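Listing of coords.tsv; format and content: TSV, C-alpha atoms.
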```tsv
chain	number	residue	atom	x	y	z
C	1	MET	CA	21.72	45.92	41.17
C	2	PRO	CA	21.63	47.71	37.81
C	3	VAL	CA	25.11	46.72	36.58
C	4	LYS	CA	25.34	43.08	35.62
C	5	VAL	CA	27.10	41.02	32.97
C	6	LEU	CA	27.29	37.43	31.85
C	7	GLY	CA	30.32	35.63	33.24
C	8	PHE	CA	33.40	35.51	31.04
C	9	GLN	CA	33.63	33.08	28.11
C	10	THR	CA	36.83	31.88	26.50
C	11	GLN	CA	35.55	29.51	23.76
C	12	ARG	CA	38.81	27.63	24.45
C	13	ASP	CA	38.78	26.72	28.15
C	14	HIS	CA	41.31	23.95	27.59
C	15	PHE	CA	43.89	26.61	26.73
C	16	ALA	CA	42.83	29.77	28.60
C	17	ILE	CA	42.16	28.08	31.97
C	18	ALA	CA	44.42	25.76	33.94
C	19	PHE	CA	44.46	23.92	37.25
C	20	ASP	CA	47.87	25.35	38.12
C	21	GLU	CA	49.34	28.81	37.68
C	22	GLU	CA	52.57	27.29	36.40
C	23	ASP	CA	50.70	25.59	33.54
C	24	ILE	CA	48.96	28.72	32.31
C	25	ARG	CA	52.20	30.71	32.51
C	26	LYS	CA	53.95	28.07	30.43
C	27	ARG	CA	51.24	28.20	27.75
C	28	ILE	CA	51.39	31.98	27.50
C	29	GLY	CA	55.18	31.78	27.35
C	30	GLN	CA	54.89	29.49	24.35
C	31	LEU	CA	52.37	31.83	22.77
C	32	ARG	CA	54.93	34.64	23.11
C	33	GLY	CA	57.76	32.41	21.94
C	34	THR	CA	59.22	31.33	18.61
C	35	LEU	CA	56.94	28.43	17.70
C	36	THR	CA	55.08	28.99	14.44
C	37	ASP	CA	51.33	29.56	14.40
C	38	ALA	CA	50.90	26.12	12.85
C	39	GLU	CA	52.88	24.50	15.67
C	40	ILE	CA	50.86	26.40	18.30
C	41	ARG	CA	47.58	25.35	16.67
C	42	GLU	CA	48.59	21.69	16.63
C	43	GLN	CA	50.00	21.64	20.14
C	44	PHE	CA	47.00	23.31	21.80
C	45	ASN	CA	44.21	22.43	19.35
C	46	LEU	CA	43.39	26.07	18.59
C	47	THR	CA	41.22	27.34	15.77
C	48	ASP	CA	40.26	30.85	14.68
C	49	ASN	CA	36.69	32.12	14.85
C	50	ARG	CA	34.81	35.35	14.23
C	51	ASP	CA	36.03	36.98	17.46
C	52	TRP	CA	39.50	35.49	17.88
C	53	LYS	CA	42.47	35.05	15.58
C	54	LEU	CA	45.66	33.35	16.73
C	55	ALA	CA	47.98	35.63	14.77
C	56	ASP	CA	46.32	38.77	16.15
C	57	SER	CA	46.41	37.31	19.64
C	58	ARG	CA	50.14	36.68	19.48
C	59	THR	CA	50.80	40.17	18.14
C	60	GLU	CA	48.76	41.69	20.98
C	61	LEU	CA	50.53	39.60	23.60
C	62	ARG	CA	54.04	40.41	22.36
C	63	SER	CA	53.35	44.15	22.35
C	64	ASP	CA	51.93	44.23	25.89
C	65	ASN	CA	54.54	45.28	28.44
C	66	HIS	CA	52.11	44.53	31.28
C	67	TYR	CA	50.99	41.10	30.10
C	68	GLN	CA	51.94	39.58	33.47
C	69	ASP	CA	48.99	41.37	35.09
C	70	SER	CA	46.52	39.10	33.29
C	71	PHE	CA	47.43	35.91	35.17
C	72	VAL	CA	44.65	35.67	37.74
C	73	GLU	CA	42.58	33.23	39.75
C	74	CYS	CA	38.99	32.66	38.66
C	75	LEU	CA	35.93	30.78	39.85
C	76	TYR	CA	35.34	28.12	37.21
C	77	ARG	CA	32.78	25.85	38.93
C	78	PRO	CA	31.34	25.73	42.48
C	79	PHE	CA	34.26	25.79	44.95
C	80	ASP	CA	36.56	25.18	41.99
C	81	TRP	CA	39.06	28.01	41.64
C	82	ARG	CA	41.53	27.83	38.76
C	83	TYR	CA	44.04	30.04	36.99
C	84	CYS	CA	43.40	31.83	33.74
C	85	TYR	CA	44.89	34.38	31.40
C	86	PHE	CA	42.17	37.03	31.60
C	87	SER	CA	42.51	38.85	28.30
C	88	THR	CA	41.30	38.89	24.71
C	89	VAL	CA	44.63	37.23	24.00
C	90	THR	CA	43.05	33.93	25.05
C	91	MET	CA	39.33	34.72	25.46
C	92	ASP	CA	36.52	35.80	23.17
C	93	TYR	CA	34.63	37.60	25.93
C	94	PRO	CA	36.52	38.56	29.12
C	95	ARG	CA	33.71	41.13	29.80
C	96	ARG	CA	34.42	44.81	30.29
C	97	GLU	CA	32.40	45.01	33.53
C	98	LEU	CA	34.53	42.31	35.14
C	99	ILE	CA	37.72	44.06	34.03
C	100	ASP	CA	36.51	47.42	35.36
C	101	HIS	CA	35.00	46.36	38.66
C	102	VAL	CA	36.33	42.93	39.72
C	103	LEU	CA	39.77	42.25	38.25
C	104	HIS	CA	42.43	43.16	40.86
C	105	ARG	CA	39.71	44.87	42.92
C	106	ASP	CA	38.49	44.47	46.48
C	107	ASN	CA	34.98	43.33	45.60
C	108	ARG	CA	32.56	40.47	45.63
C	109	ILE	CA	30.01	39.39	43.05
C	110	LEU	CA	26.67	37.66	43.18
C	111	LEU	CA	26.26	34.91	40.58
C	112	ALA	CA	22.70	34.23	39.48
C	113	SER	CA	20.92	32.76	36.47
C	114	ARG	CA	18.07	34.49	34.69
C	115	GLN	CA	16.31	31.35	33.54
C	116	LEU	CA	16.30	27.74	34.65
C	117	ALA	CA	16.28	24.60	32.55
C	118	VAL	CA	15.83	22.27	35.54
C	119	GLU	CA	13.33	22.18	38.38
C	120	GLY	CA	14.38	23.75	41.64
C	121	TYR	CA	16.04	27.10	42.27
C	122	ARG	CA	19.61	26.61	43.43
C	123	HIS	CA	21.42	28.82	40.94
C	124	VAL	CA	23.10	31.30	43.27
C	125	LEU	CA	26.67	31.65	44.52
C	126	CYS	CA	29.10	34.42	45.45
C	127	SER	CA	32.70	35.02	44.52
C	128	ALA	CA	35.50	37.47	45.23
C	129	SER	CA	37.13	36.52	41.91
C	130	ILE	CA	36.10	36.88	38.30
C	131	ALA	CA	33.72	34.06	37.36
C	132	GLU	CA	33.12	31.99	34.24
C	133	SER	CA	29.67	32.03	32.63
C	134	CYS	CA	28.95	28.44	33.70
C	135	ALA	CA	30.29	28.66	37.25
C	136	VAL	CA	26.76	27.99	38.51
C	137	SER	CA	25.34	25.89	35.70
C	138	LEU	CA	26.62	24.33	32.50
C	139	ARG	CA	23.39	24.58	30.55
C	140	THR	CA	23.30	27.35	27.96
C	141	LYS	CA	19.92	28.61	29.15
C	142	GLU	CA	21.14	28.81	32.75
C	143	GLN	CA	24.41	30.66	32.27
C	144	ASN	CA	25.12	32.90	35.23
C	145	TYR	CA	25.29	36.66	35.34
C	146	CYS	CA	27.70	38.51	37.62
C	147	PHE	CA	26.39	41.32	39.84
C	148	PRO	CA	29.31	43.24	41.40
C	149	LEU	CA	28.68	44.70	44.85
C	150	TYR	CA	30.81	47.77	44.16
C	151	LEU	CA	31.43	49.81	41.02
C	152	TYR	CA	34.88	51.34	40.61
C	153	PRO	CA	35.82	54.54	38.76
C	154	GLU	CA	38.05	54.38	35.72
C	155	LYS	CA	41.61	53.45	36.67
C	156	ASN	CA	43.01	56.36	34.64
C	157	GLY	CA	40.44	58.91	35.74
C	158	LEU	CA	41.55	62.45	36.55
C	159	PHE	CA	39.76	62.49	39.88
C	160	LYS	CA	40.27	60.13	42.80
C	161	GLU	CA	36.71	58.93	42.99
C	162	LYS	CA	35.66	56.31	45.49
C	163	ARG	CA	33.96	53.07	44.64
C	164	ARG	CA	30.19	53.17	44.92
C	165	PRO	CA	27.62	50.46	45.68
C	166	ASN	CA	25.83	48.80	42.78
C	167	PHE	CA	22.33	49.43	44.13
C	168	ALA	CA	19.63	51.60	42.60
C	169	ASN	CA	18.96	54.83	44.52
C	170	LYS	CA	15.22	54.16	44.70
C	171	PHE	CA	15.85	50.74	46.25
C	172	ILE	CA	18.14	52.18	48.94
C	173	GLU	CA	15.66	54.97	49.69
C	174	GLU	CA	12.87	52.46	50.24
C	175	LEU	CA	15.01	50.16	52.38
C	176	THR	CA	16.30	53.07	54.46
C	177	ASN	CA	12.76	54.23	55.09
C	178	ASN	CA	11.75	50.69	56.09
C	179	LEU	CA	14.63	50.14	58.50
C	180	GLN	CA	14.88	53.65	59.90
C	181	MET	CA	18.66	53.33	59.78
C	182	LYS	CA	21.24	55.60	58.19
C	183	TRP	CA	22.77	54.37	54.94
C	184	VAL	CA	26.58	54.32	54.68
C	185	THR	CA	27.98	53.96	51.19
C	186	ASP	CA	30.88	51.58	51.84
C	187	GLY	CA	31.39	48.46	53.91
C	188	GLY	CA	28.88	47.61	56.63
C	189	GLY	CA	27.16	49.58	59.36
C	190	ASP	CA	26.84	48.89	63.05
C	191	LEU	CA	23.38	47.38	62.36
C	192	LYS	CA	21.93	49.46	65.16
C	193	HIS	CA	21.89	52.92	63.70
C	194	THR	CA	23.58	52.35	60.33
C	195	TYR	CA	23.72	49.77	57.55
C	196	GLY	CA	25.81	49.53	54.37
C	197	PRO	CA	26.24	47.73	51.04
C	198	GLU	CA	27.77	44.62	52.54
C	199	ASP	CA	24.88	44.27	54.97
C	200	VAL	CA	22.43	44.44	52.06
C	201	PHE	CA	24.44	41.87	50.13
C	202	ASP	CA	24.44	39.53	53.12
C	203	TYR	CA	20.70	40.02	53.71
C	204	MET	CA	20.04	39.30	50.05
C	205	TYR	CA	22.28	36.25	50.06
C	206	ALA	CA	20.52	34.78	53.09
C	207	LEU	CA	17.10	35.15	51.48
C	208	LEU	CA	18.20	33.65	48.17
C	209	PHE	CA	19.36	30.55	50.06
C	210	SER	CA	16.20	30.27	52.15
C	211	PRO	CA	14.56	26.90	51.29
C	212	THR	CA	11.09	28.36	51.89
C	213	TYR	CA	11.80	31.37	49.66
C	214	ARG	CA	12.97	29.04	46.89
C	215	THR	CA	9.86	26.88	47.18
C	216	ARG	CA	7.31	29.67	47.62
C	217	TYR	CA	8.52	31.69	44.63
C	218	ALA	CA	9.58	28.76	42.42
C	219	PRO	CA	7.37	29.68	39.41
C	220	PHE	CA	8.78	33.22	39.33
C	221	LEU	CA	12.38	32.14	39.92
C	222	LYS	CA	12.27	29.79	36.95
C	223	GLY	CA	11.75	32.49	34.32
C	224	ASP	CA	13.54	35.63	35.50
C	225	PHE	CA	16.07	37.02	37.94
C	226	ALA	CA	15.17	36.67	41.61
C	227	ARG	CA	13.32	39.54	43.25
C	228	LEU	CA	14.34	40.66	46.73
C	229	PRO	CA	11.61	40.80	49.38
C	230	LEU	CA	12.03	43.79	51.68
C	231	THR	CA	11.23	43.85	55.37
C	232	LYS	CA	10.21	46.72	57.64
C	233	ASN	CA	11.42	44.75	60.65
C	234	ALA	CA	14.94	45.97	61.45
C	235	GLY	CA	15.55	43.01	63.76
C	236	LEU	CA	14.72	40.56	60.98
C	237	PHE	CA	16.98	42.42	58.56
C	238	VAL	CA	19.87	42.29	61.03
C	239	GLY	CA	19.34	38.62	61.80
C	240	LEU	CA	19.27	37.65	58.13
C	241	ALA	CA	22.24	39.86	57.31
C	242	ARG	CA	24.32	38.18	60.00
C	243	LYS	CA	23.38	34.71	58.75
C	244	GLY	CA	24.16	35.82	55.20
C	245	GLN	CA	27.54	37.06	56.36
C	246	GLU	CA	28.31	33.61	57.76
C	247	LEU	CA	27.13	32.00	54.54
C	248	THR	CA	29.23	34.21	52.28
C	249	GLY	CA	32.25	33.48	54.47
C	250	VAL	CA	31.63	29.77	53.98
C	251	HIS	CA	31.16	30.06	50.22
C	252	LEU	CA	34.25	32.22	49.80
C	253	MET	CA	36.11	29.54	51.79
C	254	GLN	CA	37.14	32.11	54.39
C	255	SER	CA	35.33	30.72	57.43
C	256	PRO	CA	37.54	29.15	60.13
C	257	ARG	CA	34.85	26.50	60.57
C	258	LEU	CA	36.02	24.86	57.35
C	259	ASP	CA	39.25	23.71	58.95
C	260	LYS	CA	37.38	21.35	61.27
C	261	PHE	CA	37.22	18.37	58.94
C	262	CYS	CA	34.45	15.81	59.24
C	263	THR	CA	36.00	13.46	56.68
C	264	GLU	CA	39.21	11.46	56.40
C	265	PHE	CA	41.56	10.35	53.63
C	266	PRO	CA	43.29	7.49	55.42
C	267	VAL	CA	44.92	5.32	52.76
C	268	LYS	CA	48.22	6.25	51.15
C	269	GLY	CA	48.60	5.94	47.39
C	270	ASP	CA	49.29	7.95	44.28
C	271	ASN	CA	46.02	9.94	44.73
C	272	THR	CA	44.97	9.45	41.10
C	273	VAL	CA	41.29	10.16	40.47
C	274	GLU	CA	40.09	7.23	38.38
C	275	LYS	CA	36.37	7.45	39.10
C	276	ALA	CA	34.28	8.95	41.89
C	277	VAL	CA	32.17	6.13	43.36
C	278	TYR	CA	30.06	6.73	46.45
C	279	ALA	CA	29.23	3.82	48.81
C	280	GLN	CA	26.23	4.94	50.84
C	281	GLY	CA	26.40	2.18	53.44
C	282	SER	CA	29.96	3.00	54.49
C	283	GLU	CA	29.82	6.74	53.63
C	284	ARG	CA	32.99	6.29	51.61
C	285	LEU	CA	33.78	8.14	48.39
C	286	TRP	CA	36.24	6.08	46.38
C	287	ILE	CA	38.56	7.83	43.92
C	288	ASN	CA	40.42	4.66	42.85
C	289	GLU	CA	40.60	1.01	43.86
C	290	LYS	CA	42.57	1.71	47.03
C	291	GLN	CA	41.85	5.25	48.20
C	292	TYR	CA	38.73	6.93	49.49
C	293	PHE	CA	37.36	9.84	51.48
C	294	GLY	CA	35.64	8.49	54.56
C	295	GLY	CA	32.77	9.93	56.58
C	296	VAL	CA	30.97	11.62	53.66
C	297	PRO	CA	27.24	11.97	54.48
C	298	ILE	CA	24.85	11.16	51.65
C	299	GLU	CA	23.20	14.59	51.96
C	300	THR	CA	26.56	16.26	51.39
C	301	TRP	CA	27.46	13.98	48.49
C	302	GLU	CA	24.15	14.76	46.74
C	303	TYR	CA	24.13	18.50	47.42
C	304	GLN	CA	23.71	20.62	44.31
C	305	ILE	CA	24.49	24.18	43.32
C	306	GLY	CA	22.99	25.11	39.98
C	307	GLY	CA	23.25	22.13	37.68
C	308	TYR	CA	26.15	20.52	39.51
C	309	GLN	CA	26.39	17.84	42.18
C	310	VAL	CA	29.20	19.75	43.82
C	311	CYS	CA	31.41	17.09	45.43
C	312	GLU	CA	31.19	14.80	42.42
C	313	LYS	CA	31.72	17.56	39.86
C	314	TRP	CA	34.94	18.75	41.47
C	315	LEU	CA	36.41	15.25	41.32
C	316	LYS	CA	35.12	14.42	37.83
C	317	GLU	CA	36.88	17.54	36.53
C	318	ARG	CA	40.12	16.00	37.82
C	319	LYS	CA	39.75	12.52	36.38
C	320	GLY	CA	43.19	11.17	35.52
C	321	ARG	CA	44.97	13.75	37.68
C	322	LYS	CA	46.85	13.11	40.89
C	323	LEU	CA	45.46	15.07	43.81
C	324	THR	CA	48.02	17.14	45.66
C	325	TYR	CA	48.03	17.55	49.44
C	326	ASP	CA	46.29	20.92	48.96
C	327	ASP	CA	43.68	19.31	46.68
C	328	VAL	CA	42.81	16.72	49.33
C	329	GLN	CA	42.56	19.43	51.97
C	330	HIS	CA	40.41	21.60	49.70
C	331	TRP	CA	37.94	18.79	48.97
C	332	GLN	CA	37.58	18.09	52.68
C	333	ARG	CA	36.95	21.80	53.34
C	334	MET	CA	34.31	21.70	50.60
C	335	VAL	CA	32.44	18.97	52.46
C	336	VAL	CA	32.41	21.13	55.60
C	337	ALA	CA	31.25	24.11	53.51
C	338	ILE	CA	28.27	22.13	52.24
C	339	LYS	CA	27.38	20.92	55.74
C	340	GLU	CA	27.61	24.49	57.00
C	341	THR	CA	25.42	25.66	54.12
C	342	MET	CA	22.70	23.18	55.05
C	343	ARG	CA	22.90	24.22	58.71
C	344	LEU	CA	22.78	27.93	57.95
C	345	THR	CA	19.89	27.68	55.50
C	346	GLU	CA	17.83	25.90	58.17
C	347	GLU	CA	18.66	28.70	60.60
C	348	ILE	CA	17.77	31.32	58.00
C	349	ASP	CA	14.34	29.77	57.53
C	350	ALA	CA	13.85	29.60	61.29
C	351	LEU	CA	14.39	33.38	61.54
C	352	ILE	CA	11.60	34.19	59.07
C	353	PRO	CA	8.23	34.43	60.86
C	354	GLY	CA	6.15	34.23	57.71
C	355	TRP	CA	5.61	35.30	54.13
C	356	PRO	CA	5.33	37.94	52.84
C	357	LEU	CA	8.02	39.31	55.12
C	358	PRO	CA	6.73	41.54	57.92
```
As a first step, turn the structure in this file into structure tokens.
Amino acid sequence: MPVKVLGFQTQRDHFAIAFDEEDIRKRIGQLRGTLTDAEIREQFNLTDNRDWKLADSRTELRSDNHYQDSFVECLYRPFDWRYCYFSTVTMDYPRRELIDHVLHRDNRILLASRQLAVEGYRHVLCSASIAESCAVSLRTKEQNYCFPLYLYPEKNGLFKEKRRPNFANKFIEELTNNLQMKWVTDGGGDLKHTYGPEDVFDYMYALLFSPTYRTRYAPFLKGDFARLPLTKNAGLFVGLARKGQELTGVHLMQSPRLDKFCTEFPVKGDNTVEKAVYAQGSERLWINEKQYFGGVPIETWEYQIGGYQVCEKWLKERKGRKLTYDDVQHWQRMVVAIKETMRLTEEIDALIPGWPLP
């Protein structure tokens, strides 16, 4: 995947990113409004740096007749989608590649780190939204790159070009020769006679989540981007691609399986997150003195993506906030997503007859 870019960086997340769309719209409204620069600085704790100046930002925002287009959803942390103002108005580095190929596009991206600061390769995720540079891991060394599946032509181009897959020609030629299938340049194939970019993405995603792959190639995965093993066995490719498709559906929170909750939130209250405390004996995750999520398996509670313990991180980010009905539902769907991930990764390993791949 030759086109890649580090995830976006704002240098002022507290202002450029919000839990609610209403909040970020209100902030941008104030930035466009009549408050002085000094009042804006004090209210939002903003300072200038080499790449961003408040006065220039306000001038740019006020002159943009299409500024409303920059309010978008983003992946901030694992399973943690928020709202941002995706523009140099609020960010130092929104990233040209994300603007060109992901923003307001029908696409998906692979998130992966180039180097690891901790033991164990778990620094992979996918997203259909733009993603922040620490969506997979907070550590500076582990910041995640974004690999878009499709590359789009310029929006103002003279010709109506189609999007094209972000795979090197030599790679596709080798894989096509291995599989003896015809390559289609968009979507997926029938996986009998044809295969496409989305099948390759799903195959890749399955392998990167294989526990045996992660263990076997651990020394190599620690110091550089993951390398994709190729198979000459079409049946194995199809099997892994189908498991990868299930896994991406889970991680994009699109799978209908996620609506079958395995947890409960039985006690009424104000839903304020005071502190996330897990009681292993009762499988309860307490968010305050009275309220808890029940039926949370220890394996799910401890599950990590990148440098984050996922279930805990999501709640810690909301300390002091009151969870809405949708928040409670989302956290419960997250638990199912993690359980499904553990199930699918076991099934992925079971499909692989040995290493190197046949």
Exercise for the section: Quote the spacing between atom CA of C:Thr194 and atom CA of C:Phe237 in Å to one decimal place. Expected result: 12.1 Å
Practice task
Tell me, in Å to one decimal, how far atom CA of C:Ala131 is from atom CA of C:Gly196.
Solution key: 24.3 Å
Handout entry: Neighbour list for stretch 21-29 of chain C as a list in words, cut-off 7 Å, all atoms listed in the file, skip fewer than 3 positions in-chain
Key =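 Surrounding residues, per the criterion: Ile17, Ala18, Arg32, Gly33, Tyr83 and Cys84 of chain C.
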Problem - Minimum-distance residue to C:Asn169, chosen among C:Met253, C:Leu149, C:Ala337, C:Met1 (using only C-alpha atoms) - result: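 Answer, going by the shortest atom-to-atom distance: C:Met1.
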Exercise for the section: Please identify all polymer residues lying at most 7 Å from the point (27.9, 36.0, 43.3) (file coordinates), using only C-alpha atoms, and present the result as a ChimeraX atom specification. Expected result: /C:108-112,124-127,146-147
